[in-house]
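S.K.: Attaching a single structure in structure tokens format; questions to follow.
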Amino acid sequence: MANVIKLKKGLNINLEGTPEEKFVSVKEAKKVTLVPDDFVMCTPKIAVKAGDAVKAGDEIYHDKQYPEIKFVSPVSGVLEEVVRGDRRKVLGIVISNDGKGTSAELPVVDPKTASVDEIKQAMLDGGVWPFLTQRPYGVLANPKVQPRDIFVTALNTAPLAPCFDVIVKGQEKDFETGLAALAKLSTGKVYVGAAASTSIPAVNGVEKVTVEGPHPAGNVGVQINNFKPINKGEIVWTANAQDVIVIGRILNGKCDFSRIITIAGSEVVAPAYAKVQVGESLADILDGKVKHVEYKQRVINGDVLTGVATGLAGSLNFKGQTVTVIPEGDTTDEMFGWITPGINRYSTSNTGLAGLFGLFKSKKWKLDARLKGGPRALIVSGDWERVFPMDIYPEHLYKAVLAFDIDKMEQLGIYEVLPEDFALCEFVDVSKNPVQQVIADGLVKLRKEME
Amino acid sequence: MKLNDYINEKIDPLFQKGGKYEKLWSIYDSFHTFLFVPRHTAAKKGVQVHDSVDSKRVIMMVILALIPAALVGMWNVGYQHDLALGINDGWFMQFLYGLVAFLPKVVVSYVVGLGIEMTVACIKREEVAEGFLASGLLIPMIVPVNTPLWMIAVATAFSVIFAKEIFGGTGMNIFNPALITRAFLFFAYPKAMSGDEVFVRTGSALTNSPIEGTAVVDGFSGATPLAAVADGTFDPATYSTLDAFLGCIPGSIAETSTLAILLGACLLLVTKVASWRIMLSVFVGGAAMSALIGAFSESAPTVAQQLCLGGFAFAAVFMATDPVTGCRTNTGKYIYGCFIGVMAILIRMFNTGYPEGAMMAVLLGNAVAPLIDYCVVNSNISKRAKRVNA
């Protein structure tokens with residue numbers, strides 16, 4: 001029986017600057033920056049000193065709670081500096097790239113014949129273990145536990161995200177290796193959520209789940225909730241399909257952390273795909289690709305819903321798939337916005353004429369970064385539910401998190417969600433609440449309480 | 001220099017912390033955002049783009065939806081005035097009459113209500129929420145046209161302070177503020193709220209003082225149709241439902257024209273500001289109850305008449321659909337709507353103390369809405385708990 005999930009609730013935001021399905025070249029990264037904050041609740045313990053020479057694949061830092069989880073250098077070169085912020089928190093580790101790509105010899109591990117422990121050790125030492133995210137809490141996967149299942153999403157529905165079929169072309173063998181490795185690690189199965197047209201290699205223990213529907217159908221949390229929800233006390237691991245390809249690469253003996261991303265958005269000259277190095281600075285990635293205009297632009301490390309506006313100083317997220325550039329909008333004046341006919345206003349609530357003319361589906365929109373309103377208490381009801389295709393009451397869960405009522409949070413399903421699942425709720429919210437930040441803070445606080 | 005840049009550079013600093021008028025920041029902000037959509041951009045973390053709807057736009061849709069009912073209601077005030085005096089000045093003069101009778105009430109309602117809200121906002125140093133912009137228009141529309149202005153002022157002040165601000169302002173109240181105003185008037189000044197004298201203005205437009213050379217015609221009764229139902233003198237067979245639908249009957253400005261209310265309902269539904277679930281359930285519940293009562297009583301109004309008479313349709317479209325005070329879960333909205341529809345007709349037909357049941361039905365609905373939501377959410381909770389045990 002085929003596994004099919006058909007989702008109706010959600011929203012595809014049609015943005016200007018959709019990437020064309022071709023590749024553009026990007027400057028080779030002169031330096032890469034590893035950012036421990038890319039991982040939720042990760043406290044780094046740095047293993048090398050500034051000035052040390054490193055090879056690709058050498059350990060740079062490991063997690064304080066799980067010392068076996070290593071974070072390695074994607075390039076060979078010299079460790080330039082460790083950037084620290086308040087209270088000596090590590091903000092970034094800068095490694096200069098000598099361009100030679102020398103790496104230590106990586107063992108080739110064949111998941112079909114290797115044991116669970118061998119695969120685990122190879123992944124931990126190879127620096128690809130951090131690609132696994134553990135639910136609940138969205139933290140690094142604990143190597144000592146065995147998850148109920150592992151979910152992989154090969155469907156990227158976020159605005160301007162890359163299409164998996166373009167990513168996987170030419171890398172099918174690595175993808176198969178990665179999936180086979182994950183199948184060994186899970187006590188249950190590996191479920192791959194993908195579009196109907198994507199073909200998933202046949203591997204023992206791996207099942208495809210066909211997913212159809214608007215964003216957030218590609219979110220792995222949404223797929224889990226609609227297919228095999230997480231119950232209290234259960235642990236599930238998740239990964240993005242591109243990261244599984246990188247896992248496969250390492251297990252096949254090739255120390256290559258490069259990834260395919262889209263450089264997109266209305267402020268990008270020719271939005272397209274590109275092959276870049278993890279940790280590459282956004283200034284290098286976007287060099288020569290951003291339009292020259294008089295107004296301020298916002299450079300986002302990620303997509304417009306879940307990304308972080310680091311500006312050109314940021315560096316590509318370890319699991320990054322998109323770099324988006326949009327107008328900042330802080331000099332835009334909209335007079336009497338509450339009564340204008342609204343043919344140029346993007347609003348899923350149809351409070352402007354654009355909805356009447358079907359312009360949300362047919363037109364591409366140039367959205368800027370304005371909030372377009374002041375913060376209020378929750379007034380309108382039902383708008384979050386329209387874009388939240390999970391069997392959870394988003395507003396009631398949000399209020400329970402605000403009040404930090406642990407019992408209520410557990411009962412309403414806090415263990416099944418991550419902030420990214422609430423991204424569209426934050427987008428459509430009339431009251432402009434910082435929903436994702438509240439959920440993220442609530443999860444950190446809850447984990448501290450419970451563990 | 002652009003106007004907004006001028007405001008940001010020259011006027012804004014006066015109201016920020018340390019400025020000369022820093023205590024009045026909330027009032028300045030409300031006028032600034034009245035003119036311009038705020039320029040603030042998203043934080044570094046979180047969603048980077050936003051839907052352009054904000055609470056100002058939502059409230060504006062409610063006000064726009066109220067305008068047809070207000071316009072027809074104003075004309076109707078003048079029309080009833082002419083009918084009472086046995087004259088006919090033409091529809092435009094009738095409309096003007098109603099406008100002059102209506103505007104002072106609107107001014108009083110907004111000045112008192114917004115004044116209190118702005119004061120509280122300044123004390124809390126928060127932005128002024130727009131919730132009262134809709135209530136401020138609803139209040140003058142649901143009181144009888146001959147209500148003295150001071151009564152409206154007192155009732156509005158009571159409602160804003162005790163039914164809204166002490167809970168935390170817009171979005172935190174349990175009861176519908178416009179209906180609390182009406183209920184306050186009903187219980188505090190009952191003689192001014194019911195009877196034959198209050199719904200039709202026979203005097204001058206502004207002050208209702210008798211006009212020289214005019215006299216009420218013989219046989220004139222300013223009674224609303226529902227008063228006749230309460231008396232038992234209502235005959236469903238001879239009553240013109242079309243009059244009730246179009247809005248040429250005595251009553252408060254909001255409730256008379258069902259057609260105008262339905263136009264407003266269309267706008268609210270298209271813009272997804274009001275919940276179709278609540279509207280539909282109120283009508284279905286009311287129709288079911290009316291049919292049930294009509295099957296046992298010959299003098300009861302027909303289903304169509306019940307839905308068109310009195311404040312039922314207005315309550316269904318504008319009062320019950322207030323998202324803050326109603327149910328917030330989709331399943332709960334059906335139950336909440338049916339409850340209100342059934343209760344409105346029940347109170348109307350069986351309680352001689354209240355000829356119109358819609359106001360009390362919605363307030364009762366507001367009281368049970370949290371319970372309904374609790375039960376709906378609990379069923380989700382037990383479903384999740386059962387999964388653990390399975």
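Naming works like this for the structure tokens: A, B, ... for the chains as they're shown, residue 1 at the start of each chain, ligands 1 onward in shown order.
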Residues of chain A within 6 Å of chain B, using only C-alpha atoms, as a PDB file with C-alpha atoms, in the first residue's frame?
M.R.:
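This went into result-v9.pdb:
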```pdb
ATOM      1  CA  ASN A 231       4.034  10.311  21.137  1.00  0.00           C
ATOM      2  CA  VAL A 304      12.314  34.155   4.061  1.00  0.00           C
ATOM      3  CA  LEU A 305      10.322  32.121   6.568  1.00  0.00           C
ATOM      4  CA  THR A 306      12.957  30.441   8.719  1.00  0.00           C
ATOM      5  CA  VAL A 308      18.228  34.678   9.770  1.00  0.00           C
ATOM      6  CA  ALA A 309      19.011  38.159   8.476  1.00  0.00           C
ATOM      7  CA  ASP A 330      12.508  50.742   5.922  1.00  0.00           C
ATOM      8  CA  GLU A 334       2.416  53.623   2.507  1.00  0.00           C
ATOM      9  CA  MET A 335      -0.170  56.229   3.296  1.00  0.00           C
ATOM     10  CA  PHE A 336      -3.517  55.230   4.811  1.00  0.00           C
ATOM     11  CA  GLY A 337      -2.626  51.588   4.411  1.00  0.00           C
ATOM     12  CA  TRP A 338      -5.745  50.566   6.251  1.00  0.00           C
ATOM     13  CA  TYR A 346      -0.064  40.717  -0.516  1.00  0.00           C
ATOM     14  CA  SER A 347      -2.627  39.482   1.956  1.00  0.00           C
ATOM     15  CA  SER A 349      -6.922  37.465   4.180  1.00  0.00           C
ATOM     16  CA  ASN A 350      -8.381  39.004   1.005  1.00  0.00           C
ATOM     17  CA  THR A 351      -8.594  42.363   2.730  1.00  0.00           C
ATOM     18  CA  ALA A 369      10.959  43.051   5.277  1.00  0.00           C
ATOM     19  CA  ARG A 370       8.427  45.366   6.922  1.00  0.00           C
ATOM     20  CA  LEU A 371       6.184  44.140   9.699  1.00  0.00           C
ATOM     21  CA  LYS A 372       3.329  46.198   8.216  1.00  0.00           C
ATOM     22  CA  GLY A 373       1.582  46.660  11.538  1.00  0.00           C
ATOM     23  CA  ALA A 377      -2.873  40.634  21.404  1.00  0.00           C
ATOM     24  CA  LEU A 378      -4.280  37.736  19.427  1.00  0.00           C
ATOM     25  CA  ILE A 379      -7.492  39.034  17.879  1.00  0.00           C
ATOM     26  CA  VAL A 380      -8.489  37.148  14.752  1.00  0.00           C
ATOM     27  CA  SER A 381      -9.045  33.436  15.141  1.00  0.00           C
ATOM     28  CA  GLN A 411      -0.886  17.658  26.284  1.00  0.00           C
ATOM     29  CA  LEU A 412      -1.170  19.919  23.259  1.00  0.00           C
ATOM     30  CA  PHE A 427       3.653  35.120   8.360  1.00  0.00           C
ATOM     31  CA  VAL A 428      -0.151  35.425   8.278  1.00  0.00           C
ATOM     32  CA  VAL A 430      -2.603  39.811  12.036  1.00  0.00           C
ATOM     33  CA  GLN A 436       8.864  31.205  16.108  1.00  0.00           C
TER      34      GLN A 436
END
```
S.K.: When you look at A:Val78 with a cut-off of 6 Å (counting only C-alpha atoms), what residues show up, excluding the ones that are within fewer than 6 positions of it in the same chain? I need them as an MDAnalysis selection string.
M.R.: chainID A and resid 52:54 95:96
S.K.: Keeping only N, CA and C atoms, write those residues as an mmCIF file, in the first residue's frame.
M.R.:
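Writing the result to part35.cif gives the following:
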```cif
data_model
loop_
_atom_site.group_PDB
_atom_site.id
_atom_site.type_symbol
_atom_site.label_atom_id
_atom_site.label_comp_id
_atom_site.auth_asym_id
_atom_site.auth_seq_id
_atom_site.Cartn_x
_atom_site.Cartn_y
_atom_site.Cartn_z
ATOM 1 N N ASP A 52 46.597 26.936 14.279
ATOM 2 C CA ASP A 52 46.849 25.544 13.920
ATOM 3 C C ASP A 52 46.502 25.312 12.458
ATOM 4 N N ALA A 53 47.277 24.432 11.841
ATOM 5 C CA ALA A 53 46.913 24.019 10.492
ATOM 6 C C ALA A 53 45.899 22.901 10.598
ATOM 7 N N VAL A 54 44.888 22.923 9.737
ATOM 8 C CA VAL A 54 43.875 21.866 9.775
ATOM 9 C C VAL A 54 43.718 21.280 8.382
ATOM 10 N N ILE A 95 38.107 29.652 9.531
ATOM 11 C CA ILE A 95 39.193 28.819 8.987
ATOM 12 C C ILE A 95 39.514 29.335 7.597
ATOM 13 N N SER A 96 40.766 29.647 7.357
ATOM 14 C CA SER A 96 41.106 30.115 6.016
ATOM 15 C C SER A 96 41.278 28.908 5.109
#
```
S.K.: Excluding same-chain residues fewer than 3 positions from B:Gln16, what lies within 12 Å of it counting only C-alpha atoms, as a short mmCIF file (atom, residue, chain, number, x, y, z; two decimals) with N, CA and C atoms, in the first residue's frame?
M.R.:
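Full text of out07.cif as output:
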```cif
data_model
loop_
_atom_site.label_atom_id
_atom_site.label_comp_id
_atom_site.auth_asym_id
_atom_site.auth_seq_id
_atom_site.Cartn_x
_atom_site.Cartn_y
_atom_site.Cartn_z
N ASN B 8 9.25 61.71 11.30
CA ASN B 8 10.21 60.90 12.04
C ASN B 8 11.35 61.72 12.60
N GLU B 9 11.74 62.77 11.87
CA GLU B 9 12.90 63.52 12.35
C GLU B 9 12.55 64.63 13.32
N LYS B 10 11.41 65.33 13.05
CA LYS B 10 11.15 66.51 13.86
C LYS B 10 10.17 66.22 14.99
N ILE B 11 9.14 65.42 14.72
CA ILE B 11 8.07 65.28 15.70
C ILE B 11 8.30 64.07 16.60
N ASP B 12 8.80 63.00 16.05
CA ASP B 12 8.98 61.76 16.80
C ASP B 12 9.82 61.95 18.07
N PRO B 13 10.96 62.65 18.01
CA PRO B 13 11.79 62.76 19.22
C PRO B 13 11.08 63.40 20.40
N GLY B 19 11.76 62.92 25.82
CA GLY B 19 11.21 64.05 25.07
C GLY B 19 10.22 64.81 25.92
N LYS B 20 9.79 65.95 25.37
CA LYS B 20 8.94 66.83 26.14
C LYS B 20 7.58 66.20 26.45
N TYR B 21 7.03 65.46 25.45
CA TYR B 21 5.70 64.91 25.63
C TYR B 21 5.74 63.40 25.73
N GLU B 22 6.75 62.86 26.39
CA GLU B 22 6.94 61.41 26.30
C GLU B 22 5.75 60.64 26.84
N LYS B 23 4.95 61.25 27.75
CA LYS B 23 3.83 60.51 28.31
C LYS B 23 2.72 60.32 27.29
N LEU B 24 2.73 61.14 26.23
CA LEU B 24 1.66 61.05 25.25
C LEU B 24 2.05 60.25 24.03
N TRP B 25 3.09 59.42 24.17
CA TRP B 25 3.59 58.68 23.00
C TRP B 25 2.51 57.86 22.30
N SER B 26 1.63 57.21 23.09
CA SER B 26 0.62 56.33 22.50
C SER B 26 -0.31 57.11 21.57
N ILE B 27 -0.68 58.31 21.98
CA ILE B 27 -1.59 59.10 21.15
C ILE B 27 -0.86 59.51 19.87
N TYR B 28 0.40 59.95 20.01
CA TYR B 28 1.17 60.33 18.82
C TYR B 28 1.29 59.14 17.87
N ASP B 29 1.57 57.96 18.44
CA ASP B 29 1.75 56.77 17.59
C ASP B 29 0.48 56.42 16.85
N ARG B 125 1.98 52.73 28.19
CA ARG B 125 2.95 53.01 27.14
C ARG B 125 2.92 51.92 26.06
#
```
S.K.: Show which residues sit within 8 Å of B:Ala287, as an MDAnalysis selection string. Count only C-alpha atoms, and ignore same-chain residues fewer than 2 positions away.
M.R.: chainID B and resid 283:285 289:291 303:304 306:307 341
S.K.: For C-alpha atoms, I'd like the residues from the last selection saved as a compact mmCIF listing (two decimals), in the first residue's frame.
M.R.:
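The new file result16.txt reads:
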```txt
# COMPACT_ATOMS: atom_id res chain seq x y z
CA PHE B 283 -28.96 31.28 11.41
CA VAL B 284 -29.41 27.52 11.38
CA GLY B 285 -29.93 27.37 15.15
CA MET B 289 -35.83 26.90 16.99
CA SER B 290 -38.27 29.12 15.09
CA ALA B 291 -39.59 26.17 13.11
CA VAL B 303 -39.02 31.34 10.32
CA ALA B 304 -38.26 34.06 7.77
CA GLN B 306 -37.95 35.55 13.05
CA LEU B 307 -34.67 35.90 11.15
CA GLY B 341 -29.30 31.14 17.54
```
S.K.: What does the distance from atom CA of A:Tyr66 to atom CA of A:Leu185 come to in Å, to one decimal?
M.R.: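 Going from atom CA of A:Tyr66 over to atom CA of A:Leu185 covers 17.4 Å.
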S.K.: As an exercise, work out the distance from atom CA of A:Asn97 to atom CA of A:Gly311 in Å and give it to one decimal place.
M.R.: 21.6 Å
S.K.: Can you tell me, as a compact mmCIF listing (two decimals) with C-alpha atoms, in the first residue's frame, what residues are no more than 8 Å from A:Thr322 when counting only C-alpha atoms, ignoring any on the same chain fewer than 4 positions away?
M.R.:
```
# COMPACT_ATOMS: atom_id res chain seq x y z
CA LEU A 160 12.59 29.93 -3.38
CA ALA A 161 14.07 26.70 -2.04
CA PRO A 162 15.95 24.33 -4.39
CA ILE A 261 21.84 26.05 -2.76
CA THR A 262 19.65 28.56 -4.50
CA ILE A 263 20.63 32.20 -4.61
CA ALA A 264 17.25 33.84 -4.99
CA ASN A 301 20.87 33.23 5.52
CA GLY A 302 18.13 30.79 4.58
CA ASP A 303 14.64 31.27 3.23
```
S.K.: Have a look at atom CA of B:Pro190 and atom CA of B:Leu137 and let me know their distance in Å, one decimal.
M.R.: 22.1 Å
S.K.: Quick one: pick out all strand (DSSP E) residues within stretch 154-360 of chain A from a backbone DSSP run and write them as number ranges by chain.
M.R.: A: 190-194, 206-212, 236-240, 259-264, 272-276, 297-301, 322-327
S.K.: Would you put the residues from that selection into a file with N, CA and C atoms, as a CSV table (one decimal), in the first residue's frame?
M.R.:
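Result went into result.csv, see below:
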```
chain,number,residue,atom,x,y,z
A,190,VAL,N,13.1,4.0,7.8
A,190,VAL,CA,13.4,5.3,7.3
A,190,VAL,C,12.3,5.7,6.4
A,191,TYR,N,11.7,6.8,6.6
A,191,TYR,CA,10.6,7.3,5.7
A,191,TYR,C,11.1,8.5,5.0
A,192,VAL,N,11.0,8.5,3.7
A,192,VAL,CA,11.4,9.6,2.9
A,192,VAL,C,10.2,10.3,2.3
A,193,GLY,N,10.0,11.5,2.7
A,193,GLY,CA,8.8,12.2,2.2
A,193,GLY,C,9.3,12.9,0.9
A,194,ALA,N,8.6,12.7,-0.2
A,194,ALA,CA,9.0,13.2,-1.5
A,194,ALA,C,7.8,13.5,-2.4
A,206,VAL,N,13.9,1.3,3.9
A,206,VAL,CA,13.5,2.7,3.5
A,206,VAL,C,12.2,2.7,2.7
A,207,GLU,N,11.3,3.5,3.1
A,207,GLU,CA,10.0,3.6,2.4
A,207,GLU,C,9.8,5.0,2.0
A,208,LYS,N,9.2,5.1,0.8
A,208,LYS,CA,8.9,6.5,0.3
A,208,LYS,C,7.5,6.9,0.8
A,209,VAL,N,7.3,8.1,1.2
A,209,VAL,CA,6.0,8.6,1.5
A,209,VAL,C,5.7,9.8,0.5
A,210,THR,N,4.7,9.6,-0.4
A,210,THR,CA,4.4,10.6,-1.4
A,210,THR,C,3.7,11.8,-0.7
A,211,VAL,N,4.2,13.0,-0.8
A,211,VAL,CA,3.6,14.1,-0.2
A,211,VAL,C,3.1,15.1,-1.2
A,212,GLU,N,1.9,15.5,-1.1
A,212,GLU,CA,1.4,16.6,-2.0
A,212,GLU,C,0.8,17.7,-1.2
A,236,VAL,N,12.5,10.6,17.7
A,236,VAL,CA,12.5,10.5,16.2
A,236,VAL,C,13.7,11.3,15.7
A,237,TRP,N,14.4,10.8,14.7
A,237,TRP,CA,15.4,11.6,14.1
A,237,TRP,C,15.0,12.1,12.7
A,238,THR,N,15.4,13.3,12.4
A,238,THR,CA,15.0,13.8,11.0
A,238,THR,C,16.3,14.3,10.3
A,239,ALA,N,16.1,14.4,9.0
A,239,ALA,CA,17.2,15.0,8.2
A,239,ALA,C,16.7,15.5,6.9
A,240,ASN,N,17.4,16.4,6.3
A,240,ASN,CA,17.0,16.8,5.0
A,240,ASN,C,17.7,15.9,4.0
A,259,ARG,N,27.7,21.9,-0.9
A,259,ARG,CA,26.3,21.7,-1.1
A,259,ARG,C,25.7,22.6,-2.2
A,260,ILE,N,24.5,22.2,-2.6
A,260,ILE,CA,23.8,23.0,-3.7
A,260,ILE,C,22.8,23.8,-3.0
A,261,ILE,N,22.8,25.1,-3.3
A,261,ILE,CA,21.8,26.0,-2.8
A,261,ILE,C,21.2,26.9,-3.9
A,262,THR,N,20.2,27.6,-3.5
A,262,THR,CA,19.7,28.6,-4.5
A,262,THR,C,20.0,29.9,-4.0
A,263,ILE,N,20.4,30.8,-4.9
A,263,ILE,CA,20.6,32.2,-4.6
A,263,ILE,C,19.4,32.9,-5.2
A,264,ALA,N,18.5,33.4,-4.4
A,264,ALA,CA,17.2,33.8,-5.0
A,264,ALA,C,16.7,35.1,-4.3
A,272,ALA,N,19.6,31.7,-9.4
A,272,ALA,CA,19.9,30.4,-9.9
A,272,ALA,C,20.4,29.5,-8.8
A,273,TYR,N,20.8,28.3,-9.2
A,273,TYR,CA,21.4,27.3,-8.3
A,273,TYR,C,22.9,27.5,-8.3
A,274,ALA,N,23.6,27.1,-7.2
A,274,ALA,CA,25.0,27.2,-7.1
A,274,ALA,C,25.6,26.2,-6.2
A,275,LYS,N,26.8,25.8,-6.4
A,275,LYS,CA,27.5,24.8,-5.6
A,275,LYS,C,28.4,25.6,-4.7
A,276,VAL,N,28.2,25.5,-3.4
A,276,VAL,CA,29.0,26.3,-2.5
A,276,VAL,C,29.6,25.5,-1.3
A,297,GLN,N,19.0,46.7,1.3
A,297,GLN,CA,18.6,45.3,1.0
A,297,GLN,C,18.8,44.4,2.3
A,298,ARG,N,18.0,43.4,2.4
A,298,ARG,CA,18.2,42.5,3.5
A,298,ARG,C,18.7,41.2,3.0
A,299,VAL,N,19.9,40.7,3.5
A,299,VAL,CA,20.5,39.5,3.1
A,299,VAL,C,20.1,38.4,4.1
A,300,ILE,N,19.5,37.4,3.7
A,300,ILE,CA,18.9,36.4,4.6
A,300,ILE,C,19.7,35.1,4.4
A,301,ASN,N,20.2,34.5,5.5
A,301,ASN,CA,20.9,33.2,5.5
A,301,ASN,C,19.8,32.2,5.7
A,322,THR,N,19.4,27.8,1.0
A,322,THR,CA,18.9,29.0,0.2
A,322,THR,C,19.6,30.2,0.8
A,323,VAL,N,20.0,31.2,-0.1
A,323,VAL,CA,20.3,32.5,0.4
A,323,VAL,C,19.4,33.5,-0.3
A,324,THR,N,18.7,34.3,0.4
A,324,THR,CA,17.7,35.1,-0.2
A,324,THR,C,18.0,36.6,0.0
A,325,VAL,N,17.8,37.4,-0.9
A,325,VAL,CA,18.0,38.9,-0.8
A,325,VAL,C,16.7,39.6,-1.2
A,326,ILE,N,16.2,40.4,-0.2
A,326,ILE,CA,14.9,41.1,-0.5
A,326,ILE,C,15.1,42.6,-0.1
A,327,PRO,N,14.2,43.5,-0.5
A,327,PRO,CA,14.4,44.8,-0.1
A,327,PRO,C,14.1,45.0,1.4
```
S.K.: Taking the backbone alone, and naming residues the way the document does, which bits of stretch 194-361 of chain A are helix (DSSP H, G or I) by DSSP, as JSON, numbers by chain?
M.R.: {"A": [220, 221, 222, 223, 224, 225, 226, 227, 241, 242, 243, 244, 245, 246, 247, 248, 249, 250, 251, 282, 283, 284, 285, 353, 354, 355, 356, 359, 360, 361]}
S.K.: Let's have the selection written as an mmCIF file, in the first residue's frame, with N, CA and C atoms.
M.R.:
```cif
data_model
loop_
_atom_site.group_PDB
_atom_site.id
_atom_site.type_symbol
_atom_site.label_atom_id
_atom_site.label_comp_id
_atom_site.auth_asym_id
_atom_site.auth_seq_id
_atom_site.Cartn_x
_atom_site.Cartn_y
_atom_site.Cartn_z
ATOM 1 N N VAL A 220 9.512 18.449 7.661
ATOM 2 C CA VAL A 220 9.508 17.057 8.094
ATOM 3 C C VAL A 220 8.556 16.875 9.275
ATOM 4 N N GLY A 221 8.408 17.895 10.114
ATOM 5 C CA GLY A 221 7.491 17.777 11.253
ATOM 6 C C GLY A 221 6.053 17.596 10.812
ATOM 7 N N VAL A 222 5.680 18.299 9.761
ATOM 8 C CA VAL A 222 4.322 18.180 9.234
ATOM 9 C C VAL A 222 4.110 16.779 8.672
ATOM 10 N N GLN A 223 5.147 16.264 7.985
ATOM 11 C CA GLN A 223 5.020 14.921 7.409
ATOM 12 C C GLN A 223 4.869 13.885 8.520
ATOM 13 N N ILE A 224 5.660 14.038 9.598
ATOM 14 C CA ILE A 224 5.591 13.073 10.697
ATOM 15 C C ILE A 224 4.203 13.094 11.314
ATOM 16 N N ASN A 225 3.679 14.303 11.577
ATOM 17 C CA ASN A 225 2.394 14.404 12.258
ATOM 18 C C ASN A 225 1.275 13.791 11.443
ATOM 19 N N ASN A 226 1.384 13.899 10.106
ATOM 20 C CA ASN A 226 0.316 13.377 9.264
ATOM 21 C C ASN A 226 0.500 11.908 8.933
ATOM 22 N N PHE A 227 1.657 11.358 9.290
ATOM 23 C CA PHE A 227 1.922 9.978 8.900
ATOM 24 C C PHE A 227 2.047 9.072 10.111
ATOM 25 N N ALA A 241 17.059 15.628 2.835
ATOM 26 C CA ALA A 241 17.621 14.675 1.881
ATOM 27 C C ALA A 241 19.005 15.093 1.370
ATOM 28 N N GLN A 242 19.249 16.417 1.203
ATOM 29 C CA GLN A 242 20.566 16.833 0.712
ATOM 30 C C GLN A 242 21.647 16.461 1.742
ATOM 31 N N ASP A 243 21.289 16.566 3.043
ATOM 32 C CA ASP A 243 22.254 16.216 4.078
ATOM 33 C C ASP A 243 22.549 14.725 4.064
ATOM 34 N N VAL A 244 21.529 13.916 3.688
ATOM 35 C CA VAL A 244 21.743 12.463 3.598
ATOM 36 C C VAL A 244 22.744 12.159 2.477
ATOM 37 N N ILE A 245 22.704 12.969 1.412
ATOM 38 C CA ILE A 245 23.683 12.801 0.328
ATOM 39 C C ILE A 245 25.089 13.043 0.865
ATOM 40 N N VAL A 246 25.259 14.087 1.695
ATOM 41 C CA VAL A 246 26.586 14.386 2.245
ATOM 42 C C VAL A 246 27.034 13.262 3.175
ATOM 43 N N ILE A 247 26.095 12.718 3.966
ATOM 44 C CA ILE A 247 26.437 11.572 4.822
ATOM 45 C C ILE A 247 26.957 10.430 3.965
ATOM 46 N N GLY A 248 26.256 10.167 2.866
ATOM 47 C CA GLY A 248 26.679 9.100 1.959
ATOM 48 C C GLY A 248 28.066 9.350 1.395
ATOM 49 N N ARG A 249 28.334 10.620 1.048
ATOM 50 C CA ARG A 249 29.650 10.972 0.503
ATOM 51 C C ARG A 249 30.753 10.622 1.480
ATOM 52 N N ILE A 250 30.565 11.008 2.735
ATOM 53 C CA ILE A 250 31.594 10.752 3.746
ATOM 54 C C ILE A 250 31.787 9.251 3.927
ATOM 55 N N LEU A 251 30.672 8.508 3.977
ATOM 56 C CA LEU A 251 30.787 7.070 4.176
ATOM 57 C C LEU A 251 31.446 6.407 2.971
ATOM 58 N N LEU A 282 28.586 34.901 3.177
ATOM 59 C CA LEU A 282 27.540 35.333 2.248
ATOM 60 C C LEU A 282 28.075 36.419 1.313
ATOM 61 N N ALA A 283 29.023 37.187 1.799
ATOM 62 C CA ALA A 283 29.603 38.209 0.932
ATOM 63 C C ALA A 283 30.254 37.565 -0.275
ATOM 64 N N ASP A 284 30.951 36.418 -0.072
ATOM 65 C CA ASP A 284 31.571 35.722 -1.189
ATOM 66 C C ASP A 284 30.517 35.098 -2.096
ATOM 67 N N ILE A 285 29.509 34.485 -1.506
ATOM 68 C CA ILE A 285 28.485 33.813 -2.302
ATOM 69 C C ILE A 285 27.753 34.817 -3.180
ATOM 70 N N LEU A 353 -7.846 44.095 -2.774
ATOM 71 C CA LEU A 353 -8.465 43.632 -4.018
ATOM 72 C C LEU A 353 -7.642 42.575 -4.724
ATOM 73 N N ALA A 354 -6.354 42.473 -4.364
ATOM 74 C CA ALA A 354 -5.495 41.521 -5.081
ATOM 75 C C ALA A 354 -6.047 40.118 -5.004
ATOM 76 N N GLY A 355 -6.634 39.761 -3.870
ATOM 77 C CA GLY A 355 -7.155 38.407 -3.716
ATOM 78 C C GLY A 355 -8.312 38.136 -4.653
ATOM 79 N N LEU A 356 -9.153 39.164 -4.830
ATOM 80 C CA LEU A 356 -10.323 39.002 -5.684
ATOM 81 C C LEU A 356 -9.932 38.682 -7.112
ATOM 82 N N LEU A 359 -4.626 37.289 -7.785
ATOM 83 C CA LEU A 359 -3.245 37.690 -8.054
ATOM 84 C C LEU A 359 -2.239 36.960 -7.180
ATOM 85 N N PHE A 360 -2.723 36.236 -6.141
ATOM 86 C CA PHE A 360 -1.739 35.563 -5.297
ATOM 87 C C PHE A 360 -1.188 34.340 -5.985
ATOM 88 N N LYS A 361 -1.992 33.751 -6.890
ATOM 89 C CA LYS A 361 -1.489 32.568 -7.572
ATOM 90 C C LYS A 361 -0.754 32.958 -8.843
#
```
S.K.: Set the distance at 12 Å and use only C-alpha atoms: which residues neighbour B:Val107 once local chain neighbours fewer than 5 positions away are removed? I'd like the list as a list in words.
M.R.: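 So the residues in contact are Val100, Ala101, Phe102, Val112, Gly113, Leu114, Gly115, Leu133, Gly136, Leu137, Ile139, Pro140, Leu149, Trp150, Ile152, Ala153 and Thr156 of chain B.
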